[in-house]
>>> print(open('query32.txt').read())   # compact mmCIF, C-alpha atoms and all ligand atoms
# COMPACT_ATOMS: atom_id res chain seq x y z
CA MET A 1 -214.26 -2.27 -188.53
CA ARG A 2 -214.78 -4.48 -185.53
CA TYR A 3 -211.52 -5.57 -183.93
CA CYS A 4 -210.57 -7.93 -181.17
CA VAL A 5 -207.70 -6.31 -179.30
CA PHE A 6 -205.61 -8.59 -177.14
CA ALA A 7 -202.14 -8.95 -175.65
CA ASP A 8 -199.87 -10.80 -173.23
CA VAL A 9 -200.78 -14.36 -174.14
CA HIS A 10 -197.46 -15.53 -172.67
CA ALA A 11 -197.46 -19.07 -174.10
CA ASN A 12 -200.71 -19.88 -172.33
CA LEU A 13 -202.29 -22.18 -174.91
CA GLU A 14 -205.39 -22.89 -172.82
CA ALA A 15 -206.22 -19.18 -172.51
CA LEU A 16 -205.65 -18.56 -176.22
CA LYS A 17 -207.93 -21.48 -177.14
CA ALA A 18 -210.68 -20.01 -174.94
CA ILE A 19 -210.52 -16.55 -176.49
CA LEU A 20 -210.61 -17.95 -180.02
CA LEU A 21 -213.97 -19.55 -179.23
CA VAL A 22 -215.29 -16.17 -178.08
CA LEU A 23 -213.96 -14.42 -181.21
CA LYS A 24 -216.26 -16.53 -183.34
CA GLN A 25 -219.29 -15.50 -181.25
CA GLU A 26 -218.29 -11.82 -181.27
CA LYS A 27 -218.13 -11.67 -185.09
CA VAL A 28 -214.94 -9.59 -185.18
CA ASP A 29 -213.51 -8.67 -188.58
CA ARG A 30 -209.88 -8.89 -187.59
CA SER A 31 -207.61 -8.98 -184.55
CA ILE A 32 -204.96 -6.62 -183.28
CA PHE A 33 -202.25 -8.14 -181.12
CA LEU A 34 -200.25 -5.91 -178.76
CA GLY A 35 -197.32 -8.21 -178.03
CA ASP A 36 -195.88 -10.84 -175.67
CA LEU A 37 -197.07 -14.00 -177.33
CA VAL A 38 -194.46 -16.01 -175.40
CA GLY A 39 -192.59 -16.03 -172.08
CA TYR A 40 -193.72 -17.40 -168.67
CA GLY A 41 -195.98 -20.16 -170.07
CA ALA A 42 -195.04 -23.73 -170.95
CA GLN A 43 -196.30 -24.05 -174.55
CA PRO A 44 -194.61 -21.42 -176.70
CA ASN A 45 -194.59 -23.36 -179.99
CA GLU A 46 -198.17 -24.64 -179.69
CA THR A 47 -199.31 -21.11 -178.81
CA ILE A 48 -197.52 -19.52 -181.79
CA GLU A 49 -198.93 -22.19 -184.11
CA LEU A 50 -202.50 -21.58 -182.93
CA PHE A 51 -201.96 -17.80 -183.11
CA ARG A 52 -200.88 -18.18 -186.75
CA THR A 53 -204.43 -19.34 -187.63
CA ILE A 54 -206.00 -16.03 -186.47
CA ASN A 55 -207.26 -13.46 -188.99
CA LEU A 56 -204.77 -10.84 -187.91
CA HIS A 57 -204.79 -7.14 -188.81
CA THR A 58 -201.53 -6.12 -187.12
CA ALA A 59 -199.23 -7.48 -184.42
CA VAL A 60 -196.55 -5.67 -182.48
CA CYS A 61 -193.62 -7.23 -180.71
CA GLY A 62 -193.58 -7.48 -176.90
CA ASN A 63 -190.45 -7.32 -174.75
CA HIS A 64 -190.56 -11.11 -174.26
CA ASP A 65 -191.00 -11.77 -178.00
CA ARG A 66 -188.06 -9.47 -178.72
CA VAL A 67 -185.70 -11.49 -176.50
CA VAL A 68 -186.65 -14.70 -178.31
CA VAL A 69 -185.99 -13.38 -181.81
CA ARG A 70 -183.25 -10.80 -181.35
CA ASN A 71 -179.98 -10.63 -179.48
CA THR A 72 -181.60 -8.41 -176.88
CA GLN A 73 -180.13 -8.21 -173.40
CA VAL A 74 -182.35 -9.58 -170.65
CA ILE A 75 -181.19 -7.06 -168.06
CA ASP A 76 -184.68 -5.60 -167.68
CA PHE A 77 -186.10 -8.96 -166.62
CA GLN A 78 -186.49 -10.10 -163.06
CA THR A 79 -184.79 -13.40 -162.16
CA LEU A 80 -187.77 -15.73 -162.64
CA ALA A 81 -188.93 -14.02 -165.84
CA ARG A 82 -185.35 -14.20 -167.16
CA TYR A 83 -185.20 -17.94 -166.45
CA SER A 84 -188.46 -18.50 -168.34
CA ILE A 85 -187.59 -16.36 -171.34
CA LEU A 86 -184.18 -18.00 -171.80
CA TRP A 87 -185.92 -21.43 -171.62
CA THR A 88 -188.46 -20.17 -174.18
CA LYS A 89 -185.69 -18.95 -176.49
CA GLN A 90 -184.26 -22.49 -176.55
CA GLN A 91 -187.67 -24.07 -177.19
CA VAL A 92 -189.06 -21.93 -180.03
CA THR A 93 -188.45 -23.44 -183.47
CA THR A 94 -186.60 -21.54 -186.17
CA ASP A 95 -189.77 -21.24 -188.23
CA ASN A 96 -191.75 -19.83 -185.29
CA LYS A 97 -188.90 -17.40 -184.50
CA ARG A 98 -189.07 -16.19 -188.09
CA TYR A 99 -192.81 -15.63 -187.64
CA LEU A 100 -192.33 -13.63 -184.41
CA ALA A 101 -189.53 -11.61 -185.98
CA ALA A 102 -191.99 -10.26 -188.56
CA PHE A 103 -194.06 -8.49 -185.88
CA ASN A 104 -193.89 -4.68 -185.98
CA ASP A 105 -191.82 -2.89 -183.37
CA GLY A 106 -192.56 0.40 -181.57
CA LEU A 107 -195.63 2.59 -182.08
CA VAL A 108 -197.49 1.57 -185.26
CA LYS A 109 -200.36 3.49 -186.80
CA ILE A 110 -203.40 1.65 -188.13
CA GLU A 111 -206.74 2.90 -189.55
CA GLY A 112 -208.61 5.97 -188.36
CA ASN A 113 -205.92 7.62 -186.25
CA ILE A 114 -205.36 4.60 -184.02
CA GLY A 115 -201.88 3.74 -182.76
CA ILE A 116 -200.73 0.47 -181.24
CA VAL A 117 -197.70 -0.27 -179.07
CA HIS A 118 -196.65 -2.88 -176.51
CA CYS A 119 -195.30 -0.83 -173.58
CA SER A 120 -195.64 2.91 -174.14
CA PRO A 121 -195.41 5.43 -176.99
CA TYR A 122 -192.40 7.16 -175.39
CA ARG A 123 -190.05 4.41 -174.24
CA ARG A 124 -189.59 0.65 -174.26
CA ASN A 125 -190.07 -1.48 -171.16
CA VAL A 126 -191.98 1.09 -169.09
CA TYR A 127 -195.36 0.50 -167.49
CA ILE A 128 -198.10 3.09 -167.98
CA LEU A 129 -199.55 3.00 -164.48
CA ASN A 130 -199.43 6.41 -162.83
CA ARG A 131 -200.68 9.85 -163.78
CA ARG A 132 -197.26 11.11 -164.87
CA ASP A 133 -196.78 8.16 -167.27
CA ILE A 134 -200.32 8.57 -168.64
CA LYS A 135 -199.72 12.29 -169.38
CA LYS A 136 -196.37 11.51 -171.01
CA ALA A 137 -198.01 8.87 -173.21
CA PHE A 138 -200.74 11.32 -174.29
CA GLN A 139 -198.07 13.91 -175.13
CA LYS A 140 -196.06 11.48 -177.25
CA SER A 141 -198.94 9.83 -179.10
CA GLN A 142 -201.42 12.29 -180.59
CA ASN A 143 -203.62 9.47 -181.95
CA TRP A 144 -207.34 9.41 -181.19
CA ILE A 145 -206.83 5.99 -179.64
CA THR A 146 -203.54 4.44 -178.54
CA LEU A 147 -203.82 0.75 -177.70
CA PHE A 148 -201.15 -0.50 -175.31
CA ALA A 149 -200.39 -3.50 -173.10
CA HIS A 150 -197.49 -4.67 -170.85
CA THR A 151 -199.11 -3.86 -167.48
CA HIS A 152 -201.46 -6.88 -167.76
CA ILE A 153 -204.20 -4.65 -166.30
CA ALA A 154 -207.37 -3.78 -168.24
CA ALA A 155 -207.77 0.01 -168.23
CA MET A 156 -208.98 3.02 -170.18
CA HIS A 157 -207.42 6.46 -169.73
CA SER A 158 -208.99 9.43 -171.51
CA ILE A 159 -208.05 13.07 -171.92
CA ASP A 160 -210.02 16.18 -172.88
CA ASN A 161 -209.16 19.06 -170.56
CA LYS A 162 -208.31 16.57 -167.81
CA VAL A 163 -207.13 12.97 -167.53
CA SER A 164 -209.56 10.29 -166.31
CA THR A 165 -209.05 6.58 -165.73
CA LEU A 166 -211.51 3.74 -165.50
CA TYR A 167 -211.06 0.04 -164.88
CA PRO A 168 -213.61 -1.59 -167.18
CA GLU A 169 -216.36 -3.97 -166.25
CA ASN A 170 -217.02 -7.17 -168.13
CA ASP A 171 -219.45 -6.77 -171.06
CA PHE A 172 -220.14 -3.08 -170.37
CA TYR A 173 -220.19 -0.90 -173.52
CA TYR A 174 -218.15 2.32 -173.39
CA PRO A 175 -218.90 4.95 -176.07
CA LEU A 176 -215.82 6.68 -177.52
CA SER A 177 -215.97 10.44 -178.12
CA ARG A 178 -214.15 12.18 -180.97
CA LYS A 179 -213.64 15.09 -178.54
CA LYS A 180 -211.39 12.98 -176.31
CA ARG A 181 -208.23 10.93 -176.83
CA TYR A 182 -207.78 7.50 -175.31
CA LEU A 183 -205.10 5.14 -174.02
CA ILE A 184 -206.66 1.69 -173.90
CA ASN A 185 -205.29 -1.54 -172.43
CA PRO A 186 -207.21 -4.75 -173.19
CA GLY A 187 -205.71 -6.54 -170.16
CA ALA A 188 -203.83 -9.84 -170.48
CA VAL A 189 -204.98 -13.07 -172.05
CA GLY A 190 -202.46 -15.42 -170.49
CA GLN A 191 -201.40 -13.79 -167.22
CA PRO A 192 -203.84 -11.17 -165.88
CA ARG A 193 -202.56 -9.05 -162.97
CA ASP A 194 -205.74 -7.22 -161.97
CA LEU A 195 -206.89 -9.82 -159.46
CA ASP A 196 -209.28 -11.40 -161.97
CA SER A 197 -207.78 -14.66 -163.20
CA ARG A 198 -209.96 -14.87 -166.34
CA ALA A 199 -208.42 -14.06 -169.74
CA SER A 200 -209.09 -10.46 -170.80
CA ILE A 201 -209.74 -9.03 -174.29
CA ALA A 202 -211.33 -5.87 -175.68
CA ILE A 203 -213.69 -5.55 -178.65
CA LEU A 204 -213.22 -2.22 -180.45
CA ASP A 205 -215.84 -1.16 -183.02
CA THR A 206 -214.59 1.87 -184.96
CA ASN A 207 -217.86 2.30 -186.92
CA GLU A 208 -220.01 2.30 -183.80
CA LYS A 209 -217.30 4.19 -181.84
CA MET A 210 -217.48 1.95 -178.83
CA ILE A 211 -215.41 -0.54 -176.89
CA TYR A 212 -216.12 -3.27 -174.38
CA TRP A 213 -214.05 -5.73 -172.43
CA LYS A 214 -214.71 -9.42 -172.02
CA ARG A 215 -213.34 -11.70 -169.31
CA ILE A 216 -213.19 -15.31 -170.37
CA GLU A 217 -212.93 -18.45 -168.24
CA TYR A 218 -210.33 -20.99 -169.31
CA ASP A 219 -208.68 -24.15 -167.97
CA ILE A 220 -206.26 -22.48 -165.54
CA ARG A 221 -205.42 -25.77 -163.81
CA SER A 222 -204.14 -27.28 -167.06
CA ALA A 223 -201.95 -24.23 -167.82
CA GLN A 224 -200.55 -24.36 -164.27
CA ASP A 225 -199.81 -28.09 -164.48
CA LYS A 226 -197.86 -27.65 -167.71
CA ILE A 227 -195.68 -24.91 -166.18
CA ARG A 228 -194.88 -27.16 -163.21
CA GLU A 229 -194.26 -30.23 -165.39
CA GLU A 230 -191.68 -28.29 -167.43
CA GLY A 231 -189.89 -27.28 -164.21
CA LEU A 232 -190.53 -23.58 -164.86
CA PRO A 233 -190.82 -21.24 -161.82
CA SER A 234 -193.84 -22.30 -159.76
CA TRP A 235 -194.76 -18.64 -159.11
CA HIS A 236 -195.68 -18.37 -162.79
CA ALA A 237 -198.18 -21.20 -162.26
CA ASN A 238 -199.46 -19.91 -158.91
CA ARG A 239 -200.07 -16.36 -160.12
CA LEU A 240 -202.46 -17.58 -162.84
CA GLY A 241 -204.83 -18.77 -160.12
CA ILE A 242 -204.97 -15.40 -158.35
CA GLY A 243 -204.74 -13.02 -161.30
CA GLN A 244 -201.60 -11.34 -160.08
FE FE B 301 -196.33 -9.24 -170.76
>>> encode(input="query32.txt", output="structure tokens")
Amino acid sequence: MRYCVFADVHANLEALKAILLVLKQEKVDRSIFLGDLVGYGAQPNETIELFRTINLHTAVCGNHDRVVVRNTQVIDFQTLARYSILWTKQQVTTDNKRYLAAFNDGLVKIEGNIGIVHCSPYRRNVYILNRRDIKKAFQKSQNWITLFAHTHIAAMHSIDNKVSTLYPENDFYYPLSRKKRYLINPGAVGQPRDLDSRASIAILDTNEKMIYWKRIEYDIRSAQDKIREEGLPSWHANRLGIGQ
């Protein structure tokens, strides 16, 4: 199976439109979504409606999605993110909330010993960034591949007798070994934080046992303008331009 793996769209309709064009060219069978369809961006309903047209294999709920559909506390959110997510919660229609509420929660297993999760396999709302977190994640998830998101940084961690990390290059094919286990982050579609402002996705081919990342240009200016027009925090517009 050839999957598109993506995450952290964050109501950025322009970025989602751009990746859907690439999906057609890449001939993927189905898509795996790792959470955070909304929050930060100015077009939550339009983004959910476009997302609903995708040939989806599985979706998991992100921390932003969870706030919109459940009575979750927003204590883990910083001030600006909290402002945006509470605005989003008011905007999203009942029908779209029902759609988001059907996303899986926590670590979900899909074909061929592959697990998917939004934040980490061991706890909600933590970022897998340092060596200690990576080791903890490998201990908790014994899957061959665990796909995760939340950091908004494209990365691949692997373990055999030691842990290694690489930050992937655009369009470079990485073979996957059955002798190793992997923690793979596709990066963010709608708000990258790895100093590359282009939308990021990963293409995972389980037959060929390989993965590659694609960075995709989109109309950043339009997404920024919409955030400002809605009176949402200007930092959420500015950061799109610098990939931070
Ligand atoms: Fe996110």
>>> closest_residue(input="query32.txt", among="A:Leu176, A:Ile216, A:Cys61, A:Val69", to="ligand FE 301 (chain B)", atoms="all atoms listed in the file")
A:Cys61
>>> residues_around(input="query32.txt", residues="Asn170 in chain A", least_positions_apart="4", cutoff="7 Å", atoms="only C-alpha atoms", output="list in words")
Trp213, Lys214 and Arg215 of chain A
>>> residues_near_ligand(input="query32.txt", ligand="ligand FE 301 (chain B)", cutoff="6 Å", atoms="all atoms listed in the file", output="list in words")
Asp8, Asp36 and His150 of chain A
>>> write_last_selection(input="query32.txt", atoms="C-alpha atoms", output="PDB file, in the coordinates of the input")
ATOM      1  CA  ASP A   8    -199.870 -10.800-173.230  1.00  0.00           C
ATOM      2  CA  ASP A  36    -195.880 -10.840-175.670  1.00  0.00           C
ATOM      3  CA  HIS A 150    -197.490  -4.670-170.850  1.00  0.00           C
TER       4      HIS A 150
END
>>> atom_distance(input="query32.txt", atom1="CA of Val189 in chain A", atom2="CA of Val9 in chain A")
4.9 Å
>>> residues_around(input="query32.txt", residues="Asp160 in chain A", least_positions_apart="4", cutoff="8 Å", atoms="only C-alpha atoms", output="JSON, numbers by chain")
{"A": [179, 180, 181]}
>>> atom_distance(input="query32.txt", atom1="CA of Phe6 in chain A", atom2="CA of Ser31 in chain A")
7.7 Å
>>> atom_distance(input="query32.txt", atom1="CA of Thr146 in chain A", atom2="CA of Pro121 in chain A")
8.3 Å
>>> closest_residue(input="query32.txt", among="A:Asn55, A:Thr47, A:Ser177, A:Asn63", to="Glu208 in chain A", atoms="only C-alpha atoms")
A:Ser177
>>> residues_around(input="query32.txt", residues="Asp205 in chain A", least_positions_apart="5", cutoff="7 Å", atoms="all atoms listed in the file", output="MDAnalysis selection string")
chainID A and resid 1:3 210:211
>>> closest_residue(input="query32.txt", among="A:Arg30, A:Lys162, A:Arg52, A:His57", to="Lys109 in chain A", atoms="all atoms listed in the file")
A:His57
>>> residues_around(input="query32.txt", residues="range 122-136 of chain A", least_positions_apart="4", cutoff="12 Å", atoms="only C-alpha atoms", output="PDB file with C-alpha atoms, keeping the file's coordinate frame")
ATOM      1  CA  ASP A  36    -195.880 -10.840-175.670  1.00  0.00           C
ATOM      2  CA  CYS A  61    -193.620  -7.230-180.710  1.00  0.00           C
ATOM      3  CA  GLY A  62    -193.580  -7.480-176.900  1.00  0.00           C
ATOM      4  CA  ASN A  63    -190.450  -7.320-174.750  1.00  0.00           C
ATOM      5  CA  HIS A  64    -190.560 -11.110-174.260  1.00  0.00           C
ATOM      6  CA  ARG A  66    -188.060  -9.470-178.720  1.00  0.00           C
ATOM      7  CA  VAL A  74    -182.350  -9.580-170.650  1.00  0.00           C
ATOM      8  CA  ILE A  75    -181.190  -7.060-168.060  1.00  0.00           C
ATOM      9  CA  ASP A  76    -184.680  -5.600-167.680  1.00  0.00           C
ATOM     10  CA  PHE A  77    -186.100  -8.960-166.620  1.00  0.00           C
ATOM     11  CA  ASP A 105    -191.820  -2.890-183.370  1.00  0.00           C
ATOM     12  CA  GLY A 106    -192.560   0.400-181.570  1.00  0.00           C
ATOM     13  CA  LEU A 107    -195.630   2.590-182.080  1.00  0.00           C
ATOM     14  CA  VAL A 117    -197.700  -0.270-179.070  1.00  0.00           C
ATOM     15  CA  HIS A 118    -196.650  -2.880-176.510  1.00  0.00           C
ATOM     16  CA  LYS A 140    -196.060  11.480-177.250  1.00  0.00           C
ATOM     17  CA  SER A 141    -198.940   9.830-179.100  1.00  0.00           C
ATOM     18  CA  GLN A 142    -201.420  12.290-180.590  1.00  0.00           C
ATOM     19  CA  THR A 146    -203.540   4.440-178.540  1.00  0.00           C
ATOM     20  CA  LEU A 147    -203.820   0.750-177.700  1.00  0.00           C
ATOM     21  CA  PHE A 148    -201.150  -0.500-175.310  1.00  0.00           C
ATOM     22  CA  ALA A 149    -200.390  -3.500-173.100  1.00  0.00           C
ATOM     23  CA  HIS A 150    -197.490  -4.670-170.850  1.00  0.00           C
ATOM     24  CA  THR A 151    -199.110  -3.860-167.480  1.00  0.00           C
ATOM     25  CA  HIS A 152    -201.460  -6.880-167.760  1.00  0.00           C
ATOM     26  CA  ILE A 153    -204.200  -4.650-166.300  1.00  0.00           C
ATOM     27  CA  ALA A 154    -207.370  -3.780-168.240  1.00  0.00           C
ATOM     28  CA  ALA A 155    -207.770   0.010-168.230  1.00  0.00           C
ATOM     29  CA  MET A 156    -208.980   3.020-170.180  1.00  0.00           C
ATOM     30  CA  HIS A 157    -207.420   6.460-169.730  1.00  0.00           C
ATOM     31  CA  SER A 158    -208.990   9.430-171.510  1.00  0.00           C
ATOM     32  CA  ILE A 159    -208.050  13.070-171.920  1.00  0.00           C
ATOM     33  CA  ASP A 160    -210.020  16.180-172.880  1.00  0.00           C
ATOM     34  CA  ASN A 161    -209.160  19.060-170.560  1.00  0.00           C
ATOM     35  CA  LYS A 162    -208.310  16.570-167.810  1.00  0.00           C
ATOM     36  CA  VAL A 163    -207.130  12.970-167.530  1.00  0.00           C
ATOM     37  CA  SER A 164    -209.560  10.290-166.310  1.00  0.00           C
ATOM     38  CA  THR A 165    -209.050   6.580-165.730  1.00  0.00           C
ATOM     39  CA  TYR A 167    -211.060   0.040-164.880  1.00  0.00           C
ATOM     40  CA  ARG A 181    -208.230  10.930-176.830  1.00  0.00           C
ATOM     41  CA  TYR A 182    -207.780   7.500-175.310  1.00  0.00           C
ATOM     42  CA  LEU A 183    -205.100   5.140-174.020  1.00  0.00           C
ATOM     43  CA  ILE A 184    -206.660   1.690-173.900  1.00  0.00           C
ATOM     44  CA  ASN A 185    -205.290  -1.540-172.430  1.00  0.00           C
TER      45      ASN A 185
END
>>> build_atoms(input="query32.txt", residues="range 174-194 of chain A", atoms="N, CA and C atoms", output="PDB file, in the frame of the given file")
ATOM      1  N   TYR A 174    -218.616   0.956-173.640  1.00  0.00           N
ATOM      2  CA  TYR A 174    -218.150   2.320-173.390  1.00  0.00           C
ATOM      3  C   TYR A 174    -218.134   3.088-174.695  1.00  0.00           C
ATOM      4  N   PRO A 175    -218.946   4.149-174.838  1.00  0.00           N
ATOM      5  CA  PRO A 175    -218.900   4.950-176.070  1.00  0.00           C
ATOM      6  C   PRO A 175    -217.587   5.742-176.132  1.00  0.00           C
ATOM      7  N   LEU A 176    -217.068   5.926-177.335  1.00  0.00           N
ATOM      8  CA  LEU A 176    -215.820   6.680-177.520  1.00  0.00           C
ATOM      9  C   LEU A 176    -216.142   8.002-178.192  1.00  0.00           C
ATOM     10  N   SER A 177    -215.668   9.101-177.601  1.00  0.00           N
ATOM     11  CA  SER A 177    -215.970  10.440-178.120  1.00  0.00           C
ATOM     12  C   SER A 177    -214.823  10.920-179.014  1.00  0.00           C
ATOM     13  N   ARG A 178    -215.174  11.583-180.101  1.00  0.00           N
ATOM     14  CA  ARG A 178    -214.150  12.180-180.970  1.00  0.00           C
ATOM     15  C   ARG A 178    -213.525  13.420-180.314  1.00  0.00           C
ATOM     16  N   LYS A 179    -214.160  13.910-179.228  1.00  0.00           N
ATOM     17  CA  LYS A 179    -213.640  15.090-178.540  1.00  0.00           C
ATOM     18  C   LYS A 179    -212.579  14.725-177.493  1.00  0.00           C
ATOM     19  N   LYS A 180    -212.397  13.421-177.283  1.00  0.00           N
ATOM     20  CA  LYS A 180    -211.390  12.980-176.310  1.00  0.00           C
ATOM     21  C   LYS A 180    -210.330  12.152-177.023  1.00  0.00           C
ATOM     22  N   ARG A 181    -209.213  11.916-176.350  1.00  0.00           N
ATOM     23  CA  ARG A 181    -208.230  10.930-176.830  1.00  0.00           C
ATOM     24  C   ARG A 181    -208.124   9.843-175.758  1.00  0.00           C
ATOM     25  N   TYR A 182    -207.728   8.659-176.206  1.00  0.00           N
ATOM     26  CA  TYR A 182    -207.780   7.500-175.310  1.00  0.00           C
ATOM     27  C   TYR A 182    -206.471   6.703-175.328  1.00  0.00           C
ATOM     28  N   LEU A 183    -206.148   6.160-174.155  1.00  0.00           N
ATOM     29  CA  LEU A 183    -205.100   5.140-174.020  1.00  0.00           C
ATOM     30  C   LEU A 183    -205.828   3.916-173.480  1.00  0.00           C
ATOM     31  N   ILE A 184    -205.814   2.837-174.256  1.00  0.00           N
ATOM     32  CA  ILE A 184    -206.660   1.690-173.900  1.00  0.00           C
ATOM     33  C   ILE A 184    -205.828   0.424-173.785  1.00  0.00           C
ATOM     34  N   ASN A 185    -205.995  -0.269-172.670  1.00  0.00           N
ATOM     35  CA  ASN A 185    -205.290  -1.540-172.430  1.00  0.00           C
ATOM     36  C   ASN A 185    -206.320  -2.665-172.344  1.00  0.00           C
ATOM     37  N   PRO A 186    -206.206  -3.682-173.208  1.00  0.00           N
ATOM     38  CA  PRO A 186    -207.210  -4.750-173.190  1.00  0.00           C
ATOM     39  C   PRO A 186    -207.066  -5.715-172.011  1.00  0.00           C
ATOM     40  N   GLY A 187    -206.003  -5.544-171.199  1.00  0.00           N
ATOM     41  CA  GLY A 187    -205.710  -6.540-170.160  1.00  0.00           C
ATOM     42  C   GLY A 187    -204.936  -7.700-170.787  1.00  0.00           C
ATOM     43  N   ALA A 188    -204.660  -8.721-169.993  1.00  0.00           N
ATOM     44  CA  ALA A 188    -203.830  -9.840-170.480  1.00  0.00           C
ATOM     45  C   ALA A 188    -204.656 -11.084-170.711  1.00  0.00           C
ATOM     46  N   VAL A 189    -204.335 -11.777-171.793  1.00  0.00           N
ATOM     47  CA  VAL A 189    -204.980 -13.070-172.050  1.00  0.00           C
ATOM     48  C   VAL A 189    -204.387 -14.138-171.120  1.00  0.00           C
ATOM     49  N   GLY A 190    -203.081 -14.243-171.103  1.00  0.00           N
ATOM     50  CA  GLY A 190    -202.460 -15.420-170.490  1.00  0.00           C
ATOM     51  C   GLY A 190    -201.857 -15.234-169.118  1.00  0.00           C
ATOM     52  N   GLN A 191    -201.894 -14.000-168.585  1.00  0.00           N
ATOM     53  CA  GLN A 191    -201.400 -13.790-167.220  1.00  0.00           C
ATOM     54  C   GLN A 191    -201.933 -12.476-166.662  1.00  0.00           C
ATOM     55  N   PRO A 192    -203.255 -12.418-166.405  1.00  0.00           N
ATOM     56  CA  PRO A 192    -203.840 -11.170-165.880  1.00  0.00           C
ATOM     57  C   PRO A 192    -203.248 -10.810-164.504  1.00  0.00           C
ATOM     58  N   ARG A 193    -203.109  -9.497-164.266  1.00  0.00           N
ATOM     59  CA  ARG A 193    -202.560  -9.050-162.970  1.00  0.00           C
ATOM     60  C   ARG A 193    -203.503  -8.049-162.303  1.00  0.00           C
ATOM     61  N   ASP A 194    -204.804  -8.147-162.609  1.00  0.00           N
ATOM     62  CA  ASP A 194    -205.740  -7.220-161.970  1.00  0.00           C
ATOM     63  C   ASP A 194    -206.701  -7.963-161.043  1.00  0.00           C
TER      64      ASP A 194
END
